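Visitor: As input, take entry-v4.txt (compact mmCIF, C-alpha atoms and all ligand atoms):
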# COMPACT_ATOMS: atom_id res chain seq x y z
CA MET A 1 -5.76 -10.86 34.72
CA GLU A 2 -5.29 -12.05 31.14
CA LYS A 3 -3.34 -9.72 28.89
CA ILE A 4 -3.54 -9.55 25.13
CA LYS A 5 -1.40 -8.03 22.42
CA LEU A 6 -3.18 -4.98 21.05
CA GLY A 7 -3.80 -5.24 17.33
CA ALA A 8 -0.63 -6.03 15.44
CA SER A 9 1.53 -4.27 18.06
CA THR A 10 3.62 -5.77 20.84
CA LEU A 11 1.79 -3.77 23.52
CA GLU A 12 0.46 -6.16 26.16
CA ALA A 13 -2.68 -4.83 27.78
CA SER A 14 -5.23 -6.14 30.25
CA ARG A 15 -8.60 -7.35 28.94
CA ILE A 16 -10.30 -4.98 31.39
CA VAL A 17 -9.35 -1.33 31.03
CA LEU A 18 -10.10 1.46 33.49
CA GLY A 19 -11.94 4.32 31.78
CA CYS A 20 -11.27 7.72 33.30
CA MET A 21 -14.25 9.66 31.90
CA ARG A 22 -15.94 10.01 35.30
CA ILE A 23 -12.99 10.76 37.61
CA ALA A 24 -13.16 14.59 37.52
CA ASP A 25 -15.07 14.83 40.80
CA MET A 26 -13.14 12.15 42.70
CA GLU A 27 -11.06 13.23 45.71
CA ASP A 28 -7.32 12.93 44.97
CA LYS A 29 -6.84 10.31 47.70
CA ALA A 30 -9.80 8.20 46.55
CA LEU A 31 -8.55 8.34 42.97
CA ALA A 32 -5.06 7.27 44.01
CA THR A 33 -6.53 4.31 45.93
CA HIS A 34 -8.76 3.44 42.95
CA VAL A 35 -5.92 3.48 40.41
CA ASN A 36 -3.53 1.59 42.68
CA ARG A 37 -6.15 -1.07 43.35
CA ALA A 38 -6.83 -1.38 39.62
CA ILE A 39 -3.12 -1.97 39.03
CA GLU A 40 -2.93 -4.51 41.86
CA LEU A 41 -5.82 -6.36 40.23
CA GLY A 42 -3.96 -6.55 36.92
CA ILE A 43 -5.34 -3.57 34.99
CA ASN A 44 -2.48 -1.88 33.14
CA LEU A 45 -4.32 0.29 30.58
CA PHE A 46 -6.06 3.57 31.39
CA ASP A 47 -8.39 5.27 28.92
CA HIS A 48 -8.66 9.05 28.63
CA ALA A 49 -9.89 11.70 26.20
CA ASP A 50 -9.13 15.39 26.11
CA ILE A 51 -12.83 16.19 26.53
CA TYR A 52 -13.37 14.12 29.68
CA GLY A 53 -14.20 16.71 32.31
CA ASP A 54 -12.92 19.28 29.81
CA GLY A 55 -9.36 18.15 30.56
CA GLU A 56 -9.88 17.79 34.31
CA CYS A 57 -9.80 13.98 34.18
CA GLU A 58 -6.34 13.94 32.59
CA TYR A 59 -5.14 16.56 35.07
CA LYS A 60 -6.49 14.60 38.06
CA PHE A 61 -4.81 11.45 36.74
CA SER A 62 -1.46 13.31 36.45
CA LYS A 63 -1.37 13.71 40.23
CA VAL A 64 -1.59 9.95 40.68
CA LEU A 65 1.04 9.50 38.01
CA ALA A 66 3.38 11.96 39.68
CA SER A 67 3.22 10.45 43.16
CA GLU A 68 1.95 6.88 43.10
CA VAL A 69 2.64 5.09 39.84
CA ASN A 70 5.70 4.40 37.73
CA ARG A 71 4.79 5.66 34.23
CA GLU A 72 6.61 2.75 32.58
CA ASP A 73 4.48 0.21 34.47
CA ILE A 74 1.22 1.30 32.86
CA LEU A 75 -0.17 2.09 29.43
CA ILE A 76 -2.08 5.32 28.81
CA GLN A 77 -4.32 6.06 25.86
CA SER A 78 -6.18 9.26 25.12
CA LYS A 79 -8.36 10.64 22.34
CA CYS A 80 -8.86 13.87 20.49
CA GLY A 81 -11.07 15.27 17.74
CA ILE A 82 -14.16 16.47 19.58
CA ARG A 83 -14.04 20.18 20.29
CA HIS A 84 -16.25 23.12 21.15
CA ALA A 85 -16.81 26.52 19.66
CA GLY A 86 -16.31 29.37 22.13
CA ASN A 87 -15.89 28.75 25.84
CA SER A 88 -18.93 26.57 26.44
CA THR A 89 -18.55 22.79 26.41
CA SER A 90 -22.27 22.33 25.76
CA LYS A 91 -23.46 19.83 23.16
CA GLU A 92 -24.78 22.68 20.97
CA ASN A 93 -21.25 24.07 20.66
CA GLU A 94 -19.68 20.73 19.76
CA TYR A 95 -18.02 19.92 16.44
CA TYR A 96 -15.43 17.45 15.17
CA ASP A 97 -11.94 18.36 14.00
CA LEU A 98 -9.39 15.83 12.74
CA SER A 99 -7.24 18.42 11.00
CA LYS A 100 -3.47 18.03 11.33
CA SER A 101 -3.09 21.20 13.38
CA HIS A 102 -5.86 20.24 15.80
CA ILE A 103 -4.49 16.72 16.32
CA LEU A 104 -0.98 18.10 17.01
CA ASP A 105 -2.23 20.81 19.37
CA SER A 106 -4.49 18.35 21.16
CA VAL A 107 -1.67 15.91 21.87
CA ASP A 108 0.47 18.69 23.32
CA GLY A 109 -2.43 19.60 25.62
CA ILE A 110 -3.03 15.98 26.60
CA LEU A 111 0.65 15.37 27.45
CA GLU A 112 0.84 18.56 29.47
CA ARG A 113 -2.30 17.76 31.48
CA LEU A 114 -1.23 14.15 32.07
CA GLY A 115 2.31 15.23 32.95
CA THR A 116 3.88 12.61 30.72
CA ASP A 117 6.19 12.72 27.69
CA TYR A 118 4.30 10.17 25.65
CA LEU A 119 1.03 8.37 25.03
CA ASP A 120 1.05 4.65 24.40
CA ILE A 121 -1.95 5.03 22.09
CA LEU A 122 -3.62 8.07 20.56
CA MET A 123 -7.12 7.54 19.20
CA LEU A 124 -9.23 9.75 17.01
CA HIS A 125 -12.39 10.02 19.06
CA ARG A 126 -15.04 10.18 16.32
CA PRO A 127 -15.01 10.34 12.54
CA ASP A 128 -14.97 13.93 11.26
CA ALA A 129 -17.00 14.25 8.05
CA LEU A 130 -14.46 16.82 6.84
CA MET A 131 -11.36 14.75 7.62
CA GLU A 132 -8.51 14.50 5.12
CA PRO A 133 -6.67 11.19 5.71
CA ARG A 134 -3.42 12.59 4.30
CA GLU A 135 -3.44 15.27 7.00
CA ILE A 136 -4.11 12.65 9.65
CA ALA A 137 -1.20 10.59 8.31
CA GLU A 138 1.12 13.61 8.49
CA ALA A 139 0.05 14.30 12.06
CA PHE A 140 0.67 10.65 13.00
CA ASP A 141 4.17 10.72 11.43
CA HIS A 142 5.07 13.87 13.31
CA LEU A 143 3.76 12.55 16.64
CA HIS A 144 5.52 9.22 16.25
CA ASP A 145 8.83 10.66 15.06
CA SER A 146 8.89 13.15 17.92
CA GLY A 147 8.33 10.33 20.43
CA LYS A 148 5.02 11.76 21.65
CA VAL A 149 2.84 8.82 20.56
CA ARG A 150 3.84 5.16 20.27
CA HIS A 151 0.74 3.74 18.55
CA PHE A 152 -2.48 4.94 16.94
CA GLY A 153 -6.09 3.79 16.92
CA LEU A 154 -9.56 5.03 16.10
CA SER A 155 -12.82 5.21 17.99
CA ASN A 156 -16.40 4.86 16.75
CA PHE A 157 -15.22 4.38 13.16
CA HIS A 158 -17.23 2.52 10.52
CA ALA A 159 -15.22 -0.32 8.95
CA ALA A 160 -14.88 1.46 5.58
CA GLN A 161 -13.81 4.72 7.24
CA PHE A 162 -11.24 2.79 9.24
CA ASP A 163 -9.77 1.40 6.00
CA PHE A 164 -9.85 4.86 4.44
CA VAL A 165 -7.65 6.28 7.21
CA GLN A 166 -5.44 3.16 7.26
CA LYS A 167 -4.82 3.39 3.50
CA HIS A 168 -3.07 6.73 3.95
CA THR A 169 -0.82 5.95 6.91
CA ASP A 170 2.06 3.50 7.36
CA HIS A 171 1.29 3.25 11.07
CA LYS A 172 -0.80 0.15 11.62
CA LEU A 173 -3.93 1.23 13.47
CA ILE A 174 -4.31 -1.12 16.41
CA THR A 175 -7.66 -0.34 18.06
CA ASN A 176 -11.23 0.67 17.37
CA GLN A 177 -13.11 1.74 20.49
CA VAL A 178 -16.85 1.21 20.08
CA GLN A 179 -19.97 0.89 22.18
CA PHE A 180 -20.75 -2.73 22.98
CA GLY A 181 -22.47 -4.68 25.73
CA ALA A 182 -25.54 -6.80 26.41
CA GLY A 183 -27.65 -3.61 26.25
CA ALA A 184 -26.07 -2.47 22.98
CA PRO A 185 -24.93 -5.47 20.90
CA HIS A 186 -25.62 -3.93 17.44
CA MET A 187 -22.42 -5.42 15.98
CA ILE A 188 -23.68 -8.89 16.79
CA ASN A 189 -27.34 -8.42 15.88
CA SER A 190 -26.54 -7.37 12.34
CA ARG A 191 -24.51 -10.55 11.82
CA MET A 192 -26.76 -13.15 13.44
CA GLN A 193 -29.89 -11.69 11.85
CA ALA A 194 -28.38 -11.27 8.39
CA ASN A 195 -30.88 -11.56 5.56
CA THR A 196 -33.91 -11.17 7.80
CA PRO A 197 -36.45 -8.34 7.75
CA PHE A 198 -35.90 -7.60 11.47
CA GLU A 199 -35.23 -3.96 12.35
CA SER A 200 -32.23 -4.94 14.51
CA ALA A 201 -30.57 -6.67 11.53
CA GLY A 202 -29.56 -3.26 10.15
CA ASP A 203 -25.84 -2.91 9.50
CA ARG A 204 -24.77 0.22 11.36
CA ASP A 205 -21.02 -0.13 11.19
CA GLY A 206 -19.99 -1.89 7.97
CA GLY A 207 -19.43 -5.15 9.81
CA LEU A 208 -16.71 -3.87 12.09
CA LEU A 209 -16.69 -6.96 14.28
CA ASP A 210 -15.60 -9.11 11.32
CA HIS A 211 -13.45 -6.26 10.03
CA ALA A 212 -11.51 -6.09 13.29
CA ARG A 213 -10.88 -9.82 13.31
CA LEU A 214 -9.83 -9.88 9.67
CA HIS A 215 -7.38 -7.00 10.08
CA ASP A 216 -5.92 -7.64 13.56
CA ILE A 217 -7.60 -4.69 15.22
CA THR A 218 -8.46 -4.86 18.91
CA LEU A 219 -12.01 -3.74 19.66
CA GLN A 220 -12.42 -1.88 22.93
CA ALA A 221 -15.99 -2.01 24.23
CA TRP A 222 -16.99 1.22 25.96
CA SER A 223 -19.84 1.69 28.46
CA PRO A 224 -20.42 -2.05 28.96
CA PHE A 225 -23.43 -1.52 31.28
CA HIS A 226 -25.28 1.04 29.18
CA TYR A 227 -28.25 0.54 26.90
CA GLY A 228 -29.28 2.77 24.03
CA TYR A 229 -27.02 5.77 23.70
CA PHE A 230 -26.37 6.81 27.32
CA ASP A 231 -30.07 6.13 28.01
CA GLY A 232 -29.24 4.37 31.27
CA ILE A 233 -27.54 1.28 32.66
CA ILE A 234 -29.03 -2.20 32.52
CA MET A 235 -28.31 -2.89 36.20
CA ASP A 236 -31.54 -2.90 38.19
CA ASP A 237 -33.47 -1.08 35.43
CA PRO A 238 -37.07 -2.38 35.42
CA LYS A 239 -37.02 -2.39 31.59
CA TYR A 240 -34.31 -5.06 31.86
CA GLU A 241 -35.87 -7.15 34.61
CA ALA A 242 -35.49 -10.43 32.70
CA LEU A 243 -31.83 -9.65 31.97
CA ASN A 244 -31.17 -8.73 35.60
CA ASN A 245 -32.71 -12.03 36.74
CA VAL A 246 -30.50 -14.01 34.37
CA LEU A 247 -27.36 -12.03 35.31
CA GLU A 248 -28.17 -12.67 38.97
CA ASP A 249 -28.73 -16.36 38.37
CA ILE A 250 -25.54 -16.85 36.36
CA GLY A 251 -23.62 -14.63 38.80
CA GLU A 252 -24.69 -16.84 41.70
CA ALA A 253 -23.51 -19.93 39.86
CA HIS A 254 -20.05 -18.40 39.33
CA GLY A 255 -19.83 -16.44 42.60
CA ILE A 256 -19.66 -13.04 40.87
CA THR A 257 -21.89 -9.94 40.66
CA LYS A 258 -24.29 -8.98 37.86
CA ASN A 259 -21.81 -6.33 36.69
CA ALA A 260 -19.09 -8.95 36.44
CA VAL A 261 -21.35 -11.30 34.45
CA ALA A 262 -22.12 -8.45 32.01
CA VAL A 263 -18.38 -7.97 31.51
CA ALA A 264 -17.73 -11.71 31.25
CA TRP A 265 -20.34 -11.70 28.45
CA ILE A 266 -18.18 -9.28 26.44
CA LEU A 267 -14.92 -11.05 27.26
CA ARG A 268 -16.41 -14.39 26.17
CA HIS A 269 -16.64 -13.28 22.55
CA PRO A 270 -13.76 -14.85 20.57
CA ALA A 271 -12.79 -11.47 19.06
CA ASP A 272 -10.74 -10.95 22.27
CA MET A 273 -12.23 -7.53 22.88
CA GLN A 274 -11.21 -5.37 25.79
CA THR A 275 -13.85 -3.93 28.10
CA ILE A 276 -13.51 -0.35 29.30
CA ILE A 277 -15.25 0.02 32.63
CA GLY A 278 -16.00 3.45 34.04
CA THR A 279 -16.75 2.81 37.69
CA THR A 280 -15.47 5.28 40.29
CA ASN A 281 -16.35 2.88 43.11
CA THR A 282 -13.35 0.78 44.17
CA SER A 283 -15.41 -2.01 45.68
CA ARG A 284 -17.42 -2.28 42.44
CA LEU A 285 -14.14 -2.33 40.52
CA GLU A 286 -12.92 -5.26 42.65
CA ASP A 287 -16.14 -7.17 41.92
CA ILE A 288 -16.13 -6.45 38.18
CA VAL A 289 -12.53 -7.57 37.71
CA LYS A 290 -13.53 -11.09 38.79
CA ALA A 291 -15.14 -11.36 35.32
CA SER A 292 -11.71 -12.07 33.87
CA ASP A 293 -11.57 -15.41 35.74
CA VAL A 294 -14.92 -16.64 34.42
CA LYS A 295 -15.55 -18.14 31.00
CA LEU A 296 -19.27 -18.27 30.31
CA THR A 297 -20.65 -21.33 28.58
CA ARG A 298 -22.31 -20.95 25.17
CA GLU A 299 -25.65 -21.63 26.82
CA GLU A 300 -25.09 -18.89 29.39
CA TRP A 301 -23.92 -16.44 26.74
CA TYR A 302 -27.06 -16.92 24.61
CA ARG A 303 -29.28 -16.83 27.67
CA ILE A 304 -27.98 -13.36 28.47
CA TYR A 305 -28.31 -12.21 24.87
CA LYS A 306 -31.93 -13.28 24.67
CA ALA A 307 -32.85 -12.01 28.15
CA ALA A 308 -31.62 -8.58 27.01
CA GLY A 309 -34.43 -8.67 24.44
CA HIS A 310 -32.43 -9.71 21.36
CA ILE A 311 -33.77 -12.37 19.06
CA LEU A 312 -32.42 -15.36 17.23
CA PRO A 313 -34.01 -15.72 13.78
N1 LIG B 1 -14.91 6.25 22.74
C1 LIG B 1 -16.06 6.73 23.16
O1 LIG B 1 -16.82 7.37 22.40
C2 LIG B 1 -16.47 6.51 24.59
C3 LIG B 1 -17.76 6.86 25.01
C4 LIG B 1 -18.11 6.64 26.35
C5 LIG B 1 -17.18 6.07 27.24
N2 LIG B 1 -15.93 5.76 26.79
C6 LIG B 1 -14.92 5.16 27.71
O2 LIG B 1 -15.53 4.05 28.35
C7 LIG B 1 -15.40 4.18 29.77
C8 LIG B 1 -16.58 3.55 30.44
O3 LIG B 1 -17.76 4.30 30.15
P1 LIG B 1 -18.92 4.43 31.23
O4 LIG B 1 -18.40 4.97 32.47
O5 LIG B 1 -20.05 5.09 30.54
O6 LIG B 1 -19.24 2.87 31.36
P2 LIG B 1 -19.90 1.91 32.41
O7 LIG B 1 -18.81 1.21 33.14
O8 LIG B 1 -20.87 1.09 31.60
O9 LIG B 1 -20.75 2.82 33.38
C9 LIG B 1 -20.21 3.35 34.55
C10 LIG B 1 -21.30 4.08 35.29
O10 LIG B 1 -22.32 3.15 35.66
C11 LIG B 1 -22.47 3.17 37.06
N3 LIG B 1 -22.76 1.80 37.52
C12 LIG B 1 -22.17 0.66 37.08
N4 LIG B 1 -22.71 -0.41 37.72
C13 LIG B 1 -23.63 0.06 38.58
C14 LIG B 1 -24.51 -0.54 39.50
N5 LIG B 1 -24.56 -1.86 39.68
N6 LIG B 1 -25.33 0.25 40.21
C15 LIG B 1 -25.29 1.59 40.05
N7 LIG B 1 -24.47 2.24 39.19
C16 LIG B 1 -23.65 1.48 38.46
C17 LIG B 1 -21.14 3.67 37.59
O11 LIG B 1 -21.31 4.22 38.89
P3 LIG B 1 -20.13 4.02 39.98
O12 LIG B 1 -19.07 5.00 39.62
O13 LIG B 1 -20.83 4.33 41.26
O14 LIG B 1 -19.68 2.60 39.88
C18 LIG B 1 -20.79 4.71 36.55
O15 LIG B 1 -21.50 5.92 36.77
C19 LIG B 1 -15.27 5.69 30.01
O16 LIG B 1 -14.62 5.97 31.24
C20 LIG B 1 -14.43 6.09 28.82
O17 LIG B 1 -13.08 5.84 29.11
C21 LIG B 1 -15.57 5.96 25.49
When written as structure tokens, how does the structure in this file appear?
Ligand SMILES: NC(=O)c1ccc[n+]([C@@H]2O[C@H](COP(=O)([O-])OP(=O)(O)OC[C@H]3O[C@@H](n4cnc5c(N)ncnc54)[C@H](OP(=O)(O)O)[C@@H]3O)[C@@H](O)[C@H]2O)c1
Guide:
Amino acid sequence: MEKIKLGASTLEASRIVLGCMRIADMEDKALATHVNRAIELGINLFDHADIYGDGECEYKFSKVLASEVNREDILIQSKCGIRHAGNSTSKENEYYDLSKSHILDSVDGILERLGTDYLDILMLHRPDALMEPREIAEAFDHLHDSGKVRHFGLSNFHAAQFDFVQKHTDHKLITNQVQFGAGAPHMINSRMQANTPFESAGDRDGGLLDHARLHDITLQAWSPFHYGYFDGIIMDDPKYEALNNVLEDIGEAHGITKNAVAVAWILRHPADMQTIIGTTNTSRLEDIVKASDVKLTREEWYRIYKAAGHILP
């Protein structure tokens, strides 16, 4: 699998990343097989967050790390900043906290649950309206100087907010993890439909696709098969019948599955994004990874874009 340098760092990571948001309920043995297979197939970066499974996902992963995998052979990233009031992890109790003390405490919790001394990348999960970039910068300095975090990135940040945080820290932020896929290509719509009255031309992110390319930031596309905001996945959804037909057709031509074509669509973009897949099914993982060997033609890429219901002006 192709590897790329993340942002302006020297970290070399696979274009396809295994997301660990859904692993909480996996049997230990199945998870070990899944992670080992991912590594065999060339995946070397694993994505976590402290809230995935309320910490259970990191804990489950630590068992694989302890018995099956050499820590130095893989890269691990995790995120913090989403927390809950009281003991309930319900959405109603959720709030954001990018204070220095919360970032520092969160990383200690993450490292303990993962059973590792360091994270390769720490990301701030979502922008906190009350964030103070100077506090964030102090937290980053402390984490880096103590050897707990090697690199830093952000997630779901608007381009201007990204710059705001970057302005206050000497650590070059290397990643922005954002939703992107054929079912959710807002970053692209706003650019290709610029200066049109179309609803989908709205700029939702300050042009972060161009921003990332201008400032050497690696975009990591999360939930590549989803449409809307966790409304469902495009695969076999009757609302996306035309898209499924095109994915099937192009998949047949390349000898890969519809899932793999959807990932190849993201990888084809010249911004060299990574794709974070969240499958817990090892056979689906094996199929999806074949996307990294396929370069879609321009014609195929636009066919998929339009079949997903997006327009060219
Ligand atoms: N930064 C953020 O705010 C953020 C937000 C969300 C996610 N993430 C990251 O992105 C990763 C991926 O997210 P995700 O898991 O939502 O993405 P995804 O890979 O788009 O979706 C995975 C889900 O879709 C199912 N699926 C995929 N193809 C299918 C098919 N052909 N038929 C039936 N079911 C299918 C999978 O089931 P199987 O397990 O059966 O394959 C799994 O439940 C997460 O693990 C996390 O690391 C980050």
Visitor: Mind listing the residues within 9 Å of ligand LIG 1 (chain B), only C-alpha atoms and all ligand atoms counted, as number ranges by chain?
Guide: A: 17-23, 46-49, 52, 78-79, 123-126, 154-156, 176-179, 181, 220-227, 230, 232-236, 257-259, 275-285, 288
Visitor: By how many Å are atom CA of A:Glu56 and atom CA of A:Leu111 apart?
Guide: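 For atom CA of A:Glu56 relative to atom CA of A:Leu111, the distance reads 12.8 Å.
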Visitor: Nearest to A:Arg15 among A:Ala184, A:Ile250, A:Ala271, A:Leu130, with distances taken over all atoms listed in the file: which residue is it?
Guide: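 Of A:Ala184, A:Ile250, A:Ala271, A:Leu130, the one nearest A:Arg15, counting all atoms listed in the file, is A:Ala271.
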Visitor: Which one of A:Met273, A:Cys57, A:Leu312, A:Leu41 sits closest to A:Ser200 if you count only C-alpha atoms?
Guide: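 Once distances to A:Ser200 are computed over only C-alpha atoms, the minimum belongs to A:Leu312.
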Visitor: Where's the centre, and what are the edge lengths in Å to one decimal, of a box along x, y and z enclosing all listed atoms of stretch 81-88 of chain A padded 4 Å per side, as lines of an AutoDock Vina configuration file?
Guide:
center_x = -15.0
center_y = 22.3
center_z = 22.1
size_x = 15.9
size_y = 22.1
size_z = 16.7
Visitor: Compile the contact shell of stretch 164-171 of chain A as a PyMOL selection string: residues with an atom at most 7 Å away, counting all atoms listed in the file, same-chain residues fewer than 6 positions apart removed.
Guide: chain A and resi 133-134+137
Visitor: If we count all atoms listed in the file, what is near A:Val246 at a cut-off of 8 Å, once residues fewer than 4 positions away on the same chain are taken out, given as an NGL selection string?
Guide: :A and (242 or 250 or 303-304 or 307)
Visitor: For a quick check of understanding, using all atoms listed in the file, which of A:Ala182, A:Ala30, A:Ile188, A:Ile39 has the smallest distance to A:Val263?
Guide: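 Distance minimum relative to A:Val263 lands on A:Ala182.
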Visitor: Would you please work out which residue, of A:Arg113, A:His34, A:Lys100, A:Arg191, is nearest to A:Gly55 when using all atoms listed in the file?
Guide: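 Looking at the shortest contact to A:Gly55, the residue is A:Arg113.
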Visitor: Name the residues within 12 Å of (-5.1, 20.4, 25.1), counting only C-alpha atoms in the file's coordinates, and put them as a count of residues only.
Guide: 30
Visitor: Residues at most 9 Å from A:Ala8, counting only C-alpha atoms, excluding those fewer than 5 positions away in the same chain, as a list in words?
Guide: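 My list of contacting residues is Lys172, Leu173, Ile174, His215, Asp216, Ile217 and Thr218 of chain A.
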Visitor: For a test of reading the model, state the distance in Å between atom CA of A:His158 and atom CA of A:Asp128, rounded to one decimal.
Guide: 11.7 Å
Visitor: Just how far from atom CA of A:Trp265 is atom CA of A:Leu296, in Å to one decimal?
Guide: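 Interatomic distance here is 6.9 Å.
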Visitor: Provide stretch 163-179 of chain A rebuilt to N, CA and C atoms, formatted as a compact mmCIF listing (two decimals), in the coordinates of the input.
Guide:
# COMPACT_ATOMS: atom_id res chain seq x y z
N ASP A 163 -10.67 1.76 7.11
CA ASP A 163 -9.77 1.40 6.00
C ASP A 163 -9.28 2.64 5.26
N PHE A 164 -10.17 3.62 5.14
CA PHE A 164 -9.85 4.86 4.44
C PHE A 164 -8.68 5.57 5.14
N VAL A 165 -8.74 5.65 6.46
CA VAL A 165 -7.65 6.28 7.21
C VAL A 165 -6.39 5.41 7.12
N GLN A 166 -6.59 4.08 7.29
CA GLN A 166 -5.44 3.16 7.26
C GLN A 166 -4.68 3.23 5.93
N LYS A 167 -5.44 3.36 4.84
CA LYS A 167 -4.82 3.39 3.50
C LYS A 167 -3.77 4.50 3.38
N HIS A 168 -3.94 5.58 4.12
CA HIS A 168 -3.07 6.73 3.95
C HIS A 168 -1.93 6.80 4.96
N THR A 169 -1.91 5.89 5.92
CA THR A 169 -0.82 5.95 6.91
C THR A 169 -0.06 4.61 6.98
N ASP A 170 1.24 4.72 7.21
CA ASP A 170 2.06 3.50 7.36
C ASP A 170 1.97 2.94 8.78
N HIS A 171 1.42 3.74 9.69
CA HIS A 171 1.29 3.25 11.07
C HIS A 171 0.08 2.33 11.14
N LYS A 172 0.32 1.10 11.55
CA LYS A 172 -0.80 0.15 11.62
C LYS A 172 -1.71 0.55 12.77
N LEU A 173 -2.96 0.82 12.45
CA LEU A 173 -3.93 1.23 13.47
C LEU A 173 -4.31 0.00 14.29
N ILE A 174 -4.22 0.12 15.61
CA ILE A 174 -4.31 -1.12 16.41
C ILE A 174 -5.64 -1.29 17.14
N THR A 175 -6.42 -0.23 17.27
CA THR A 175 -7.66 -0.34 18.06
C THR A 175 -8.81 0.40 17.40
N ASN A 176 -10.02 -0.09 17.67
CA ASN A 176 -11.23 0.67 17.37
C ASN A 176 -12.08 0.58 18.63
N GLN A 177 -12.36 1.74 19.22
CA GLN A 177 -13.11 1.74 20.49
C GLN A 177 -14.57 2.04 20.17
N VAL A 178 -15.44 1.11 20.51
CA VAL A 178 -16.85 1.21 20.08
C VAL A 178 -17.78 0.82 21.23
N GLN A 179 -19.01 1.28 21.14
CA GLN A 179 -19.97 0.89 22.18
C GLN A 179 -20.38 -0.57 21.98
